[in-house]
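What follows is a short report on a single structure.
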Amino acid sequence: MSKWEVIHMKIAGTPIFSFTFIFISFISINCDKNNRMSDNFSTELKDTTVVQIHGLLQQNGNKILDKNNEPICFAGNSFFWSNDDWGGERYYKAEVVSWLKNDWKTTIVRAAMGVEDPGGYLDNKTANKDRVTTIVDAAIDEGIYVIIDWHSHHAEDNTNEAALFFQEMANLYGEYDNVIYEIYNEPLDISWSNTIKPYAISIIATIRSIDPDNLIIVGTPEWSQRVDLAAADPITGYSNIAYTLHFYTVHHQQWLRDRASEALNDGIPIFITEWGSIGYSLIDPEADKWMAWCFENKISHCNWAVNDKNEEWSILVPGASTSGNWSEDDLTKAGKLAKNIIVNWPK
Ligand code: MG
């Protein structure tokens, strides 16, 4: 039985803090039993990056596989909107990516490029694109995965701009196994089949004309919660496509997990590019249930958000350094909860 299978078996139905203990206990037992295995494991983690180990991600049925054809899921952080003067843009630095990778053991980050709103890409292309490329370049240097997110609620209104942007990104980064394209963050309550899907196919065609193989993630209606609608009418004719699910535990609970489980059963792969805990608390039983569900179904997730804004989902207290090197006192309760999950997620 593999390490993954043992953890998988034990995590089912257990909260994340128990999961943390089980994982640490399992490693300890292995260390005691087999020092050579332990040494190899440590050496692997120290000398080899997660992208070197897992390579290009490939969708197969409702799973994301690594280069060895093993189902795989990652835990990491989403940056905040990149818009000028919204606050979160101050954290778009290589030092922050490096800190998250080394201190939080993050294996995936998401650059959330604001599009339509004031200070977004349509207002100031150079600054917003520079923020995105800073994060992508840093993630490549650190050997972790990175999502290039068109952080929009109205992407179908600017299809040409999206196409030009992703054309440029595919030319810059299509050769890197690290890179994942997210072409529509959160559509509103609009038609999947008549609006979002045609937009997605147009952008996917643009990317695929340059980059034939990197994973592309497509948002779903109602703030990326209607994965059932995508499952009923999935995109065909292109490979390596996944669909976005977002959850915030205050609002989204068992009913959304049930909907997502049905979508998985219908055969589509799901990628959680954003999630938020209850906020202002270290205890969140719904976050525990979601993490057990993600682990059981091998679904990756990025925590919202790397920012010090005074709101429930910020990982940092106001005024925390914009260059990483954070102490525990610099983290909010939501930040500590997220860090505990990400640090302990099996690598
Ligand atoms: Mg490629």
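Every chain in the structure tokens takes a letter, A first, then B, and so on in the order presented; its residues are numbered from 1, and the ligands are numbered from 1 following the presented order.
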
message = Which residues are near ligand 1 - at most 9 Å, using only C-alpha atoms and all ligand atoms? Format: as a PyMOL selection string.
response = chain A and resi 56+170+173-177+179+208+210-215

Which residues of stretch 110-177 of chain A come within 12 Å of stretch 101-105 of chain A, and what is each one's closest atom pair and distance in Å (one decimal), counting only C-alpha atoms, sorted by chain and residue number, as a Markdown table?
| residue | atom | partner | partner_atom | distance |
| --- | --- | --- | --- | --- |
| A:Ala138 | CA | A:Lys101 | CA | 10.3 |
| A:Ala139 | CA | A:Lys101 | CA | 8.7 |
| A:Ile140 | CA | A:Lys101 | CA | 11.5 |
| A:Asp141 | CA | A:Lys101 | CA | 10.9 |
| A:Glu142 | CA | A:Lys101 | CA | 7.4 |
| A:Gly143 | CA | A:Lys101 | CA | 9.1 |
| A:Ile144 | CA | A:Lys101 | CA | 7.7 |
| A:Tyr145 | CA | A:Lys101 | CA | 10.4 |
| A:Val146 | CA | A:Lys101 | CA | 11.6 |

Using C-alpha atoms, can you export the residues from the last selection as a tab-separated table (two decimals), in the first residue's frame?
chain	number	residue	atom	x	y	z
A	138	ALA	CA	9.11	33.71	-9.41
A	139	ALA	CA	7.06	30.50	-9.36
A	140	ILE	CA	9.14	29.09	-12.22
A	141	ASP	CA	12.33	30.02	-10.35
A	142	GLU	CA	11.01	28.33	-7.21
A	143	GLY	CA	9.80	25.22	-9.04
A	144	ILE	CA	6.14	25.49	-8.04
A	145	TYR	CA	2.93	25.66	-10.07
A	146	VAL	CA	1.31	28.98	-10.96

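Atom to atom, atom CA of A:Val115 and atom CA of A:Pro318 stand 24.9 Å apart.
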
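In this structure, atom CA of A:His252 sits 21.1 Å away from atom CA of A:Val306.
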
key: Picked from stretch 162-214 of chain A by DSSP as alpha helix (DSSP H), as a PyMOL selection string   = chain A and resi 162-173+197-208

key: Nearby residues (only C-alpha atoms) at most 12 Å from A:Glu186, same-chain spacing under 6 positions excluded, as a ChimeraX atom specification   = /A:112,114-115,149-156,192,196,217-227,243-247,272-274

Selection to disk with N, CA, C and O atoms, as a CSV table (one decimal), in the first residue's frame:
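Final output, result-v7.csv:
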chain,number,residue,atom,x,y,z
A,112,ALA,N,-4.0,36.8,-9.6
A,112,ALA,CA,-5.4,37.1,-9.9
A,112,ALA,C,-5.4,38.5,-10.6
A,112,ALA,O,-5.6,39.5,-9.9
A,114,GLY,N,-6.9,41.5,-12.0
A,114,GLY,CA,-8.1,42.2,-12.2
A,114,GLY,C,-8.2,42.8,-13.6
A,114,GLY,O,-7.2,43.2,-14.2
A,115,VAL,N,-9.4,42.7,-14.1
A,115,VAL,CA,-9.6,43.1,-15.6
A,115,VAL,C,-10.3,44.4,-15.7
A,115,VAL,O,-9.8,45.4,-16.1
A,149,ASP,N,-4.5,34.0,-13.8
A,149,ASP,CA,-6.0,34.1,-13.7
A,149,ASP,C,-6.5,35.4,-14.3
A,149,ASP,O,-6.1,36.5,-13.9
A,150,TRP,N,-7.4,35.3,-15.3
A,150,TRP,CA,-8.1,36.4,-15.8
A,150,TRP,C,-9.2,36.7,-14.9
A,150,TRP,O,-10.3,36.1,-14.9
A,151,HIS,N,-8.9,37.6,-13.9
A,151,HIS,CA,-9.8,37.7,-12.7
A,151,HIS,C,-11.0,38.7,-13.0
A,151,HIS,O,-10.9,39.9,-12.7
A,152,SER,N,-12.0,38.1,-13.6
A,152,SER,CA,-13.1,38.9,-14.2
A,152,SER,C,-14.4,38.3,-13.8
A,152,SER,O,-14.6,37.1,-13.6
A,153,HIS,N,-15.4,39.2,-13.8
A,153,HIS,CA,-16.8,38.8,-13.7
A,153,HIS,C,-17.6,39.0,-15.0
A,153,HIS,O,-18.8,38.7,-15.0
A,154,HIS,N,-16.9,39.5,-16.0
A,154,HIS,CA,-17.6,39.9,-17.3
A,154,HIS,C,-16.7,39.6,-18.5
A,154,HIS,O,-16.6,40.4,-19.4
A,155,ALA,N,-16.0,38.5,-18.5
A,155,ALA,CA,-15.0,38.2,-19.5
A,155,ALA,C,-15.6,38.2,-20.9
A,155,ALA,O,-14.9,38.6,-21.9
A,156,GLU,N,-16.8,37.8,-21.0
A,156,GLU,CA,-17.4,37.7,-22.4
A,156,GLU,C,-17.5,39.1,-23.0
A,156,GLU,O,-17.7,39.2,-24.2
A,192,TRP,N,-24.3,29.1,-19.1
A,192,TRP,CA,-23.1,28.3,-19.4
A,192,TRP,C,-23.0,28.0,-20.9
A,192,TRP,O,-22.0,28.4,-21.6
A,196,ILE,N,-20.8,31.5,-21.6
A,196,ILE,CA,-19.5,31.1,-21.1
A,196,ILE,C,-18.7,30.1,-21.9
A,196,ILE,O,-17.6,30.3,-22.3
A,217,ILE,N,-8.1,26.1,-17.1
A,217,ILE,CA,-9.3,26.0,-16.2
A,217,ILE,C,-10.3,27.1,-16.6
A,217,ILE,O,-10.0,28.2,-16.9
A,218,VAL,N,-11.6,26.6,-16.6
A,218,VAL,CA,-12.7,27.4,-17.1
A,218,VAL,C,-13.7,27.7,-15.9
A,218,VAL,O,-14.1,26.7,-15.2
A,219,GLY,N,-14.0,29.0,-15.7
A,219,GLY,CA,-15.0,29.3,-14.7
A,219,GLY,C,-16.4,28.8,-15.0
A,219,GLY,O,-16.7,28.6,-16.2
A,220,THR,N,-17.2,28.7,-14.0
A,220,THR,CA,-18.6,28.2,-14.2
A,220,THR,C,-19.6,29.3,-13.6
A,220,THR,O,-19.2,30.1,-12.9
A,221,PRO,N,-20.9,29.2,-14.0
A,221,PRO,CA,-21.8,30.2,-13.7
A,221,PRO,C,-22.0,30.4,-12.2
A,221,PRO,O,-21.7,29.5,-11.4
A,222,GLU,N,-22.6,31.5,-11.8
A,222,GLU,CA,-22.9,31.9,-10.4
A,222,GLU,C,-21.6,31.8,-9.6
A,222,GLU,O,-21.5,31.0,-8.6
A,223,TRP,N,-20.6,32.6,-9.9
A,223,TRP,CA,-19.4,32.8,-9.2
A,223,TRP,C,-18.7,31.5,-9.0
A,223,TRP,O,-18.2,31.1,-8.0
A,224,SER,N,-18.7,30.7,-10.1
A,224,SER,CA,-18.0,29.4,-10.2
A,224,SER,C,-18.5,28.4,-9.2
A,224,SER,O,-17.7,27.7,-8.5
A,225,GLN,N,-19.8,28.3,-9.1
A,225,GLN,CA,-20.4,27.3,-8.3
A,225,GLN,C,-21.2,26.3,-9.1
A,225,GLN,O,-21.6,25.2,-8.5
A,226,ARG,N,-21.6,26.6,-10.3
A,226,ARG,CA,-22.5,25.7,-11.1
A,226,ARG,C,-21.7,24.8,-11.9
A,226,ARG,O,-21.8,24.7,-13.2
A,227,VAL,N,-20.8,24.0,-11.3
A,227,VAL,CA,-20.1,23.0,-12.0
A,227,VAL,C,-21.0,21.9,-12.6
A,227,VAL,O,-20.7,21.2,-13.6
A,243,TYR,N,-12.5,22.5,-14.7
A,243,TYR,CA,-13.6,23.5,-14.4
A,243,TYR,C,-13.5,24.0,-13.0
A,243,TYR,O,-13.1,23.3,-12.1
A,244,THR,N,-13.8,25.3,-12.8
A,244,THR,CA,-13.6,26.0,-11.5
A,244,THR,C,-14.7,25.8,-10.6
A,244,THR,O,-15.9,26.0,-10.9
A,245,LEU,N,-14.3,25.5,-9.3
A,245,LEU,CA,-15.3,25.6,-8.2
A,245,LEU,C,-14.7,26.5,-7.1
A,245,LEU,O,-13.5,26.3,-6.8
A,246,HIS,N,-15.5,27.4,-6.7
A,246,HIS,CA,-15.1,28.3,-5.5
A,246,HIS,C,-16.0,28.0,-4.3
A,246,HIS,O,-17.2,27.8,-4.5
A,247,PHE,N,-15.4,28.1,-3.2
A,247,PHE,CA,-16.2,28.0,-2.0
A,247,PHE,C,-15.7,28.9,-0.9
A,247,PHE,O,-14.5,29.1,-0.7
A,272,ILE,N,-10.2,24.0,-7.6
A,272,ILE,CA,-10.6,25.0,-6.7
A,272,ILE,C,-9.5,26.1,-6.7
A,272,ILE,O,-8.5,26.0,-6.0
A,273,THR,N,-9.8,27.1,-7.5
A,273,THR,CA,-8.8,28.2,-7.6
A,273,THR,C,-8.9,29.3,-6.5
A,273,THR,O,-8.0,30.1,-6.4
A,274,GLU,N,-10.0,29.2,-5.8
A,274,GLU,CA,-10.2,30.1,-4.6
A,274,GLU,C,-11.0,29.4,-3.6
A,274,GLU,O,-12.0,28.7,-3.9

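Here atom CA of A:Gly120 is placed at a distance of 20.8 Å from atom CA of A:Ile180.
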
message = Given only C-alpha atoms as the basis, pick out the residue of A:Ser314, A:Ser78, A:Thr106, A:Ser327 nearest to A:Trp345.
response = A:Thr106

message = So that I can check the surroundings of A:Thr332, please list as a PyMOL selection string every protein, DNA and RNA residue that reaches within 7 Å of it, counting only C-alpha atoms and ignoring chain neighbours fewer than 2 positions away.
response = chain A and resi 315-317+330+334-336
